[in-house]
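As structure tokens, the structure follows; a few thoughts come after it.
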Number of protein chains: 2
Amino acid sequence: MTDATILYDLLKEIFFILDDGDRRLLGSYNLTVARYYALFHLGEHPGMSLRHLSELMLCDKSNTTRIIQGLAADGLVARSPHETDGRTLRLHLTDEGQQLRARVLAAHAAYNRKRFDCIEQVEQDNLLDGLLKLKEGLRGLLQG
Amino acid sequence: MTDATILYDLLKEIFFILDDGDRRLLGSYNLTVARYYALFHLGEHPGMSLRHLSELMLCDKSNTTRIIQGLAADGLVARSPHETDGRTLRLHLTDEGQQLRARVLAAHAAYNRKRFDCIEQVEQDNLLDGLLKLKEGLRGLLQG
DNA sequence: TATCAACAGTTGCATTGTCAACTAATTGCA
DNA sequence: TGCAATTAGTTGACAATGCAACTGTTGATA
């Protein structure tokens, strides 16, 4: 087994542990992980299109359609037509959506601090460096 | 934004990129990620039970039932009754399954090497150290 | 300008995944 | 031994997700 495969397996395993924790935390706010990400990105980019959101969420646009449908049904997101482009939607958080987003983001940040407390600050920084480089490299592969 | 959240976001994004790549690579072999893992484990433990496979795949046994049904329909896996325990199945790769497994494992390992080539060996080792520590820490949280 | 390609979003379908209920077989214990 | 509890696997209901095909809109160009 090569180093690359060990790294790969580790990354996958850590993801599953993080994701499992997320599911529990977010479930207590009646959110799924996907809905949480949608709320997050919509707060960062008010008025964004569905396609743009799909790119940020790294998922298929059909999936995004349905996630937004659910959030709209819950009164957290509003969809309006684009002013000039008849194909495009403008997505916005409702007031309720913004309030929920603020609460959940705070809870999630606190949860992350707790989770990553297990490693020292220096190691966090090292890890951050390595992961950043890895991410850039992987993104580069997608282009080339 | 705290370091912890940056780390978290990086890990998630890297996972999604890896997963997307996996889906493409495995798709070219007519495999899904779940089927790939099933082939992998079945090759390591010939004759294993469905329940055992479920544990290794970290998923519900009903899901495993259906994944195996699909693989069997494709002629990659054979199911036979256990010699002494009438409840239990014995799962085996067919010859075709073994050949496919060998090819796909090699392709996946090569793909991983290519993907992780973007960072130097020393950095890979550092990353591995940090991730290992993180994994242990996260596991610790689950217990405590 | 008329047409054709590209794009945004939706819908249908298959796979994956969970949970709960079920069947059949085994095990344990009174 | 015989009955109750456990175990292996399957099935059904449902949600999330990806892919492919579709509709309607925009844009580019001949």
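Naming works like this for the structure tokens: A, B, ... for the chains as they're shown, residue 1 at the start of each chain, ligands 1 onward in shown order.
Neighbouring residues of Leu93 in chain B at 7 Å or closer, counting only C-alpha atoms (C1' of nucleotides) and skipping chain neighbours under 5 positions away, are B:Leu42, B:Gly43, B:Leu76, B:Val77, B:Ala78, B:Gln98.
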Keeping N, CA and C atoms for every residue in the selection just given, could you write it to a file as a PDB file, in the first residue's frame?
ATOM      1  N   LEU B  42     -14.483  -8.015  -0.490  1.00  0.00           N
ATOM      2  CA  LEU B  42     -14.713  -9.420  -0.833  1.00  0.00           C
ATOM      3  C   LEU B  42     -13.415 -10.077  -1.288  1.00  0.00           C
ATOM      4  N   GLY B  43     -12.565  -9.300  -1.935  1.00  0.00           N
ATOM      5  CA  GLY B  43     -11.280  -9.861  -2.336  1.00  0.00           C
ATOM      6  C   GLY B  43     -10.390 -10.148  -1.142  1.00  0.00           C
ATOM      7  N   LEU B  76     -20.464 -10.534 -10.994  1.00  0.00           N
ATOM      8  CA  LEU B  76     -19.181 -10.277 -10.348  1.00  0.00           C
ATOM      9  C   LEU B  76     -19.065 -10.980  -9.006  1.00  0.00           C
ATOM     10  N   VAL B  77     -20.205 -11.317  -8.419  1.00  0.00           N
ATOM     11  CA  VAL B  77     -20.222 -11.914  -7.086  1.00  0.00           C
ATOM     12  C   VAL B  77     -21.133 -13.126  -7.105  1.00  0.00           C
ATOM     13  N   ALA B  78     -20.758 -14.171  -6.349  1.00  0.00           N
ATOM     14  CA  ALA B  78     -21.607 -15.353  -6.201  1.00  0.00           C
ATOM     15  C   ALA B  78     -21.981 -15.516  -4.734  1.00  0.00           C
ATOM     16  N   GLN B  98     -12.991 -11.081  -9.854  1.00  0.00           N
ATOM     17  CA  GLN B  98     -11.595 -10.975  -9.421  1.00  0.00           C
ATOM     18  C   GLN B  98     -10.771 -10.211 -10.442  1.00  0.00           C
TER      19      GLN B  98
END
Item to check | Neighbour list for Thr2 in chain B as a ChimeraX atom specification, cut-off 8 Å, only C-alpha atoms (C1' of nucleotides), skip fewer than 2 positions in-chain | outcome: /A:109,113 /B:4-6
After superposing chain B onto chain A (least squares, all C-alpha atoms, pairing by order), export the transformed chain as a short mmCIF file (atom, residue, chain, number, x, y, z; two decimals) with C-alpha atoms, in the first residue's frame.
data_model
loop_
_atom_site.label_atom_id
_atom_site.label_comp_id
_atom_site.auth_asym_id
_atom_site.auth_seq_id
_atom_site.Cartn_x
_atom_site.Cartn_y
_atom_site.Cartn_z
CA MET B 1 0.89 -0.96 2.65
CA THR B 2 2.53 2.18 1.30
CA ASP B 3 2.54 5.56 2.95
CA ALA B 4 0.28 6.89 0.24
CA THR B 5 -2.42 4.36 1.07
CA ILE B 6 -2.15 5.05 4.78
CA LEU B 7 -2.54 8.76 4.12
CA TYR B 8 -5.48 8.10 1.87
CA ASP B 9 -7.23 5.90 4.41
CA LEU B 10 -6.68 8.45 7.15
CA LEU B 11 -8.14 11.26 5.07
CA LYS B 12 -11.19 9.22 4.18
CA GLU B 13 -11.81 8.11 7.73
CA ILE B 14 -11.48 11.62 9.09
CA PHE B 15 -13.93 12.86 6.51
CA PHE B 16 -16.49 10.24 7.48
CA ILE B 17 -16.14 11.08 11.15
CA LEU B 18 -16.51 14.80 10.44
CA ASP B 19 -19.49 14.19 8.20
CA ASP B 20 -21.20 12.02 10.77
CA GLY B 21 -20.74 14.72 13.39
CA ASP B 22 -22.07 17.35 11.03
CA ARG B 23 -25.17 15.30 10.34
CA ARG B 24 -25.88 14.99 14.04
CA LEU B 25 -25.27 18.64 14.82
CA LEU B 26 -27.27 19.93 11.86
CA GLY B 27 -30.02 17.40 12.47
CA SER B 28 -30.69 19.05 15.82
CA TYR B 29 -31.53 22.19 13.83
CA ASN B 30 -33.70 20.22 11.42
CA LEU B 31 -31.13 20.70 8.68
CA THR B 32 -29.28 18.32 6.42
CA VAL B 33 -25.70 18.99 5.32
CA ALA B 34 -26.87 20.04 1.87
CA ARG B 35 -29.44 22.46 3.27
CA TYR B 36 -26.84 23.89 5.59
CA TYR B 37 -24.53 24.68 2.68
CA ALA B 38 -27.38 26.25 0.77
CA LEU B 39 -28.19 28.51 3.73
CA PHE B 40 -24.53 29.37 4.02
CA HIS B 41 -24.09 30.42 0.40
CA LEU B 42 -27.41 32.25 0.24
CA GLY B 43 -26.33 34.34 3.19
CA GLU B 44 -23.10 35.25 1.43
CA HIS B 45 -24.76 36.10 -1.90
CA PRO B 46 -28.30 37.36 -1.40
CA GLY B 47 -30.30 37.35 -4.62
CA MET B 48 -28.10 34.76 -6.30
CA SER B 49 -29.46 32.51 -9.01
CA LEU B 50 -30.08 28.81 -8.74
CA ARG B 51 -27.40 28.11 -11.29
CA HIS B 52 -24.83 30.12 -9.33
CA LEU B 53 -25.76 28.27 -6.17
CA SER B 54 -25.35 24.96 -7.99
CA GLU B 55 -21.82 25.92 -8.95
CA LEU B 56 -20.89 26.81 -5.39
CA MET B 57 -22.43 23.63 -4.06
CA LEU B 58 -20.69 21.54 -6.73
CA CYS B 59 -23.87 19.68 -7.58
CA ASP B 60 -26.34 19.36 -10.39
CA LYS B 61 -28.85 22.17 -10.81
CA SER B 62 -31.74 19.72 -10.59
CA ASN B 63 -30.54 18.80 -7.15
CA THR B 64 -30.36 22.46 -6.20
CA THR B 65 -33.91 22.97 -7.42
CA ARG B 66 -35.14 20.36 -4.95
CA ILE B 67 -33.02 21.52 -2.05
CA ILE B 68 -34.38 25.04 -2.50
CA GLN B 69 -37.91 23.68 -2.78
CA GLY B 70 -37.44 22.05 0.61
CA LEU B 71 -36.02 25.18 2.19
CA ALA B 72 -38.81 27.28 0.70
CA ALA B 73 -41.41 24.83 2.04
CA ASP B 74 -39.85 25.29 5.48
CA GLY B 75 -40.11 29.05 5.12
CA LEU B 76 -36.36 29.61 5.16
CA VAL B 77 -35.87 30.72 1.56
CA ALA B 78 -37.90 32.92 -0.80
CA ARG B 79 -37.79 32.78 -4.59
CA SER B 80 -38.61 35.84 -6.68
CA PRO B 81 -38.38 36.48 -10.40
CA HIS B 82 -35.37 38.32 -11.76
CA GLU B 83 -36.13 41.93 -12.66
CA THR B 84 -34.94 41.76 -16.25
CA ASP B 85 -34.24 38.10 -17.10
CA GLY B 86 -37.38 36.02 -17.20
CA ARG B 87 -35.46 32.75 -16.98
CA THR B 88 -33.68 33.49 -13.77
CA LEU B 89 -34.69 33.26 -10.13
CA ARG B 90 -33.53 35.44 -7.30
CA LEU B 91 -33.00 33.49 -4.11
CA HIS B 92 -33.15 35.12 -0.69
CA LEU B 93 -33.16 34.03 2.89
CA THR B 94 -36.31 34.91 4.79
CA ASP B 95 -35.94 36.53 8.21
CA GLU B 96 -36.43 33.12 9.73
CA GLY B 97 -33.78 31.73 7.38
CA GLN B 98 -31.30 34.41 8.37
CA GLN B 99 -31.86 33.83 12.04
CA LEU B 100 -31.46 30.09 11.68
CA ARG B 101 -28.36 30.57 9.54
CA ALA B 102 -26.72 32.77 12.14
CA ARG B 103 -27.42 30.32 14.93
CA VAL B 104 -26.29 27.26 12.98
CA LEU B 105 -23.12 28.88 11.67
CA ALA B 106 -22.12 29.84 15.17
CA ALA B 107 -22.86 26.37 16.45
CA HIS B 108 -20.92 24.76 13.64
CA ALA B 109 -17.90 27.01 14.13
CA ALA B 110 -17.89 26.24 17.85
CA TYR B 111 -18.21 22.56 17.07
CA ASN B 112 -15.23 22.76 14.72
CA ARG B 113 -13.14 24.48 17.33
CA LYS B 114 -14.02 21.77 19.77
CA ARG B 115 -13.24 19.05 17.27
CA PHE B 116 -9.88 20.45 16.29
CA ASP B 117 -8.93 21.33 19.85
CA CYS B 118 -7.52 17.83 20.15
CA ILE B 119 -4.38 18.98 18.35
CA GLU B 120 -2.11 21.84 19.38
CA GLN B 121 -2.07 25.13 17.53
CA VAL B 122 1.38 24.45 16.06
CA GLU B 123 0.20 21.12 14.76
CA GLN B 124 -2.92 22.69 13.32
CA ASP B 125 -0.69 25.07 11.40
CA ASN B 126 1.54 22.26 10.17
CA LEU B 127 -1.47 20.25 9.15
CA LEU B 128 -2.86 23.23 7.32
CA ASP B 129 0.40 23.67 5.41
CA GLY B 130 0.56 20.05 4.41
CA LEU B 131 -3.08 19.86 3.39
CA LEU B 132 -2.80 23.03 1.33
CA LYS B 133 0.18 21.61 -0.53
CA LEU B 134 -1.68 18.36 -1.05
CA LYS B 135 -4.72 20.13 -2.40
CA GLU B 136 -2.65 22.11 -4.86
CA GLY B 137 -0.88 18.95 -5.96
CA LEU B 138 -4.12 17.07 -6.47
CA ARG B 139 -5.58 19.95 -8.41
CA GLY B 140 -2.45 19.92 -10.56
CA LEU B 141 -2.99 16.27 -11.40
CA LEU B 142 -6.51 17.03 -12.60
CA GLN B 143 -5.15 19.52 -15.13
CA GLY B 144 -2.02 17.67 -16.29
#
Checklist entry - Just asking: which residues within chain A are helix (DSSP H, G or I) according to DSSP, as a PyMOL selection string? => result chain A and resi 3-27+33-44+50-57+61-73+95-116+121-143
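Of all the residues in range 9-130 of chain B, the ones DSSP labels as strand (DSSP E) from the backbone are Val77, Ala78, Arg79, Ser80, Pro81, Leu89, Arg90, Leu91, His92 and Leu93 of chain B.
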Checklist entry - Near DA20 in chain C, counting only C-alpha atoms (C1' of nucleotides), which residues have an atom at most 10 Å away, once you skip same-chain residues fewer than 2 positions from it, shown as a PyMOL selection string? => result (chain C and resi 18+22) or (chain D and resi 12-13)
Item to check | Neighbours of chain B in chain C at 8 Å, counting only C-alpha atoms (C1' of nucleotides), as a ChimeraX atom specification | outcome: /C:16-18,24-26
Suppose we keep C-alpha atoms (C1' of nucleotides); can you now write the selection as a PDB file, in the first residue's frame?
ATOM      1  C1'  DT C  16     -27.342   4.491  -2.123  1.00  0.00           C
ATOM      2  C1'  DG C  17     -28.576   4.910   2.415  1.00  0.00           C
ATOM      3  C1'  DT C  18     -31.512   4.489   6.939  1.00  0.00           C
ATOM      4  C1'  DA C  24     -36.160 -18.423   8.872  1.00  0.00           C
ATOM      5  C1'  DA C  25     -32.506 -20.482  11.429  1.00  0.00           C
ATOM      6  C1'  DT C  26     -29.845 -20.979  15.525  1.00  0.00           C
TER       7       DT C  26
END
Dump as JSON lines the rows for residues of chain D within 9 Å of chain A: closest atom pair and distance in Å with one decimal, only C-alpha atoms (C1' of nucleotides) counted, ordered by chain and rising residue number.
{"residue": "D:DA16", "atom": "C1'", "partner": "A:Asn63", "partner_atom": "CA", "distance": 8.3}
{"residue": "D:DT17", "atom": "C1'", "partner": "A:Asn63", "partner_atom": "CA", "distance": 6.5}
{"residue": "D:DG18", "atom": "C1'", "partner": "A:Asp60", "partner_atom": "CA", "distance": 6.6}
{"residue": "D:DC19", "atom": "C1'", "partner": "A:Asp60", "partner_atom": "CA", "distance": 8.9}
{"residue": "D:DG24", "atom": "C1'", "partner": "A:Arg87", "partner_atom": "CA", "distance": 7.5}
{"residue": "D:DT25", "atom": "C1'", "partner": "A:Arg87", "partner_atom": "CA", "distance": 5.4}
{"residue": "D:DT26", "atom": "C1'", "partner": "A:Asp85", "partner_atom": "CA", "distance": 7.5}
Store the residues picked out above, limited to N, CA and C atoms (P, O5', C5', C4', C3', O3' and C1' of nucleotides), as a compact mmCIF listing (two decimals), in the first residue's frame.
# COMPACT_ATOMS: atom_id res chain seq x y z
P DA D 16 -34.06 14.69 2.28
O5' DA D 16 -32.75 14.16 1.56
C5' DA D 16 -31.72 13.61 2.36
C4' DA D 16 -30.59 13.14 1.47
C3' DA D 16 -30.09 14.18 0.46
O3' DA D 16 -28.68 14.14 0.47
C1' DA D 16 -30.69 12.18 -0.66
P DT D 17 -27.88 15.34 -0.19
O5' DT D 17 -27.43 14.74 -1.59
C5' DT D 17 -26.56 13.60 -1.64
C4' DT D 17 -26.60 12.98 -2.99
C3' DT D 17 -26.36 13.93 -4.16
O3' DT D 17 -24.99 13.88 -4.52
C1' DT D 17 -27.94 12.17 -4.63
P DG D 18 -24.44 14.75 -5.72
O5' DG D 18 -24.58 13.75 -6.97
C5' DG D 18 -23.96 12.48 -6.88
C4' DG D 18 -24.18 11.72 -8.18
C3' DG D 18 -23.88 12.54 -9.44
O3' DG D 18 -23.17 11.73 -10.37
C1' DG D 18 -26.14 11.77 -9.48
P DC D 19 -22.62 12.34 -11.74
O5' DC D 19 -23.66 11.82 -12.84
C5' DC D 19 -23.92 10.43 -12.92
C4' DC D 19 -24.98 10.17 -13.97
C3' DC D 19 -24.80 10.99 -15.25
O3' DC D 19 -25.01 10.12 -16.36
C1' DC D 19 -26.98 11.31 -14.39
P DG D 24 -41.55 24.49 -23.09
O5' DG D 24 -40.69 25.75 -22.68
C5' DG D 24 -40.55 26.07 -21.30
C4' DG D 24 -39.46 27.10 -21.13
C3' DG D 24 -39.53 28.26 -22.14
O3' DG D 24 -39.30 29.45 -21.42
C1' DG D 24 -37.39 27.29 -22.19
P DT D 25 -39.34 30.90 -22.19
O5' DT D 25 -37.81 31.31 -22.16
C5' DT D 25 -37.17 31.43 -20.89
C4' DT D 25 -35.74 31.82 -21.10
C3' DT D 25 -35.54 33.05 -22.00
O3' DT D 25 -34.78 34.00 -21.27
C1' DT D 25 -34.13 31.27 -22.67
P DT D 26 -34.51 35.44 -21.92
O5' DT D 26 -33.02 35.25 -22.43
C5' DT D 26 -32.03 34.80 -21.50
C4' DT D 26 -30.75 34.47 -22.24
C3' DT D 26 -30.20 35.60 -23.11
O3' DT D 26 -28.89 35.88 -22.66
C1' DT D 26 -30.20 33.55 -24.27
